[in-house]
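What follows is the content of model.pdb (PDB, C-alpha atoms, pLDDT in the B column).
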```pdb
ATOM      1  CA  MET A   1     100.454  65.575 105.276  1.00 72.00           C
ATOM      2  CA  LYS A   2     101.880  67.754 107.997  1.00 79.00           C
ATOM      3  CA  GLN A   3      99.656  70.630 109.032  1.00 82.00           C
ATOM      4  CA  THR A   4     101.156  73.831 110.364  1.00 81.00           C
ATOM      5  CA  ILE A   5      99.561  76.302 112.730  1.00 84.00           C
ATOM      6  CA  LYS A   6      99.652  79.897 111.557  1.00 80.00           C
ATOM      7  CA  ALA A   7     100.692  82.492 114.093  1.00 91.00           C
ATOM      8  CA  PHE A   8      99.153  85.171 111.896  1.00 93.00           C
ATOM      9  CA  ASP A   9      96.669  84.753 109.053  1.00 94.00           C
ATOM     10  CA  ALA A  10      97.417  87.648 106.701  1.00 95.00           C
ATOM     11  CA  VAL A  11      94.567  86.776 104.321  1.00 96.00           C
ATOM     12  CA  ALA A  12      91.958  86.794 107.092  1.00 96.00           C
ATOM     13  CA  PHE A  13      93.424  90.017 108.502  1.00 96.00           C
ATOM     14  CA  THR A  14      93.281  91.728 105.097  1.00 97.00           C
ATOM     15  CA  ARG A  15      89.743  90.502 104.446  1.00 98.00           C
ATOM     16  CA  GLY A  16      88.644  91.821 107.831  1.00 98.00           C
ATOM     17  CA  ILE A  17      90.007  95.284 107.054  1.00 96.00           C
ATOM     18  CA  ARG A  18      88.488  95.237 103.569  1.00 97.00           C
ATOM     19  CA  ASP A  19      85.094  94.149 104.890  1.00 98.00           C
ATOM     20  CA  ALA A  20      85.112  96.828 107.603  1.00 97.00           C
ATOM     21  CA  HIS A  21      86.015  99.511 105.061  1.00 96.00           C
ATOM     22  CA  HIS A  22      83.259  98.278 102.756  1.00 97.00           C
ATOM     23  CA  GLU A  23      80.686  98.636 105.526  1.00 97.00           C
ATOM     24  CA  GLN A  24      81.909 102.141 106.356  1.00 96.00           C
ATOM     25  CA  LEU A  25      82.005 103.290 102.740  1.00 97.00           C
ATOM     26  CA  LYS A  26      79.190 101.415 100.992  1.00 96.00           C
ATOM     27  CA  ASP A  27      76.992 104.533 100.714  1.00 97.00           C
ATOM     28  CA  ALA A  28      79.822 107.073 100.416  1.00 97.00           C
ATOM     29  CA  THR A  29      80.407 109.339  97.440  1.00 97.00           C
ATOM     30  CA  PRO A  30      83.719 109.134  95.572  1.00 97.00           C
ATOM     31  CA  GLU A  31      84.796 112.349  97.338  1.00 97.00           C
ATOM     32  CA  GLU A  32      83.956 110.856 100.751  1.00 97.00           C
ATOM     33  CA  ARG A  33      85.909 107.712  99.876  1.00 97.00           C
ATOM     34  CA  ALA A  34      88.955 109.768  98.887  1.00 96.00           C
ATOM     35  CA  GLN A  35      88.693 111.777 102.115  1.00 97.00           C
ATOM     36  CA  PHE A  36      88.452 108.539 104.143  1.00 96.00           C
ATOM     37  CA  TYR A  37      91.609 107.082 102.607  1.00 95.00           C
ATOM     38  CA  ARG A  38      93.510 110.380 102.905  1.00 95.00           C
ATOM     39  CA  ALA A  39      92.658 110.472 106.609  1.00 95.00           C
ATOM     40  CA  LYS A  40      93.832 106.860 107.008  1.00 94.00           C
ATOM     41  CA  ALA A  41      97.109 107.729 105.253  1.00 94.00           C
ATOM     42  CA  LEU A  42      97.657 110.679 107.591  1.00 94.00           C
ATOM     43  CA  GLU A  43      96.997 108.456 110.620  1.00 94.00           C
ATOM     44  CA  LEU A  44      99.521 105.899 109.377  1.00 94.00           C
ATOM     45  CA  HIS A  45     102.162 108.549 108.695  1.00 94.00           C
ATOM     46  CA  ALA A  46     101.680 109.929 112.212  1.00 94.00           C
ATOM     47  CA  GLU A  47     101.851 106.444 113.753  1.00 94.00           C
ATOM     48  CA  LEU A  48     105.084 105.658 111.904  1.00 94.00           C
ATOM     49  CA  GLY A  49     106.613 109.064 112.622  1.00 94.00           C
ATOM     50  CA  LEU A  50     106.795 109.954 108.943  1.00 92.00           C
ATOM     51  CA  PRO A  51     106.282 113.456 107.575  1.00 89.00           C
ATOM     52  CA  SER A  52     102.728 114.179 106.551  1.00 81.00           C
ATOM     53  CA  PRO A  53     102.081 113.851 102.807  1.00 75.00           C
ATOM     54  CA  SER A  54     100.415 117.269 103.001  1.00 72.00           C
ATOM     55  CA  ASP A  55     103.490 118.999 104.514  1.00 63.00           C
ATOM     56  CA  PRO A  56     104.991 121.344 101.909  1.00 58.00           C
ATOM     57  CA  GLY A  57     108.532 120.434 103.018  1.00 62.00           C
ATOM     58  CA  SER A  58     107.857 116.722 103.021  1.00 57.00           C
ATOM     59  CA  THR A  59     109.348 114.530 100.325  1.00 57.00           C
ATOM     60  CA  ALA A  60     106.036 112.640 100.233  1.00 54.00           C
ATOM     61  CA  ALA A  61     104.262 115.766  98.992  1.00 51.00           C
ATOM     62  CA  ARG A  62     106.732 116.496  96.214  1.00 53.00           C
ATOM     63  CA  GLN A  63     105.783 115.580  92.685  1.00 55.00           C
ATOM     64  CA  PRO A  64     108.424 114.503  90.207  1.00 56.00           C
ATOM     65  CA  GLU A  65     109.554 117.305  87.948  1.00 62.00           C
ATOM     66  CA  SER A  66     108.449 116.980  84.358  1.00 64.00           C
ATOM     67  CA  ARG A  67     111.018 117.600  81.679  1.00 58.00           C
TER      68      ARG A  67
END
```

Encoded form using structure tokens:
Amino acid sequence: MKQTIKAFDAVAFTRGIRDAHHEQLKDATPEERAQFYRAKALELHAELGLPSPSDPGSTAARQPESR
């Protein structure tokens, strides 16, 4: 059987992130967890040049209208 060499192991990468987040949040309250993930989302939006989800004019902050 031919064996291939992975240039990037997505499973190991994801597990590493998950394990690091677990260590950071293992004693956190639900509110602290939510704050942590909100901060991470803001960092990602800034890194990608997207509007902040908390910007009032941003489409990310808009909720769908209920009918």

What are the closest atom pairs, with distances in Å to one decimal, for all residues of region 10-44 of chain A lying within 9 Å of region 50-54 of chain A? Consider only C-alpha atoms, order rows by chain and residue number, and present the result as JSON lines.
```
{"residue": "A:Ala41", "atom": "CA", "partner": "A:Pro53", "partner_atom": "CA", "distance": 8.3}
{"residue": "A:Leu42", "atom": "CA", "partner": "A:Ser52", "partner_atom": "CA", "distance": 6.2}
{"residue": "A:Leu44", "atom": "CA", "partner": "A:Leu50", "partner_atom": "CA", "distance": 8.3}
```

Report as lines of an AutoDock Vina configuration file the centre and the edge lengths, in Å to one decimal, of the axis-aligned box holding every listed atom of region 26-40 of chain A, padded by 6 Å on each side.
```
center_x = 85.4
center_y = 106.9
center_z = 101.3
size_x = 28.8
size_y = 22.9
size_z = 23.4
```

Calculate how many Å separate CA of Leu25 (chain A) from CA of Arg38 (chain A), rounding to one decimal. 13.5 Å

Can you work out which one of A:Gly49, A:Lys2, A:Ala12, A:His21 has the shortest atom-to-atom distance to Tyr37 (chain A), counting only C-alpha atoms?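 Closest to Tyr37 (chain A) of all the choices is A:His21.
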
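Note that CA of Lys6 (chain A) and CA of Lys40 (chain A) are 28.0 Å apart.
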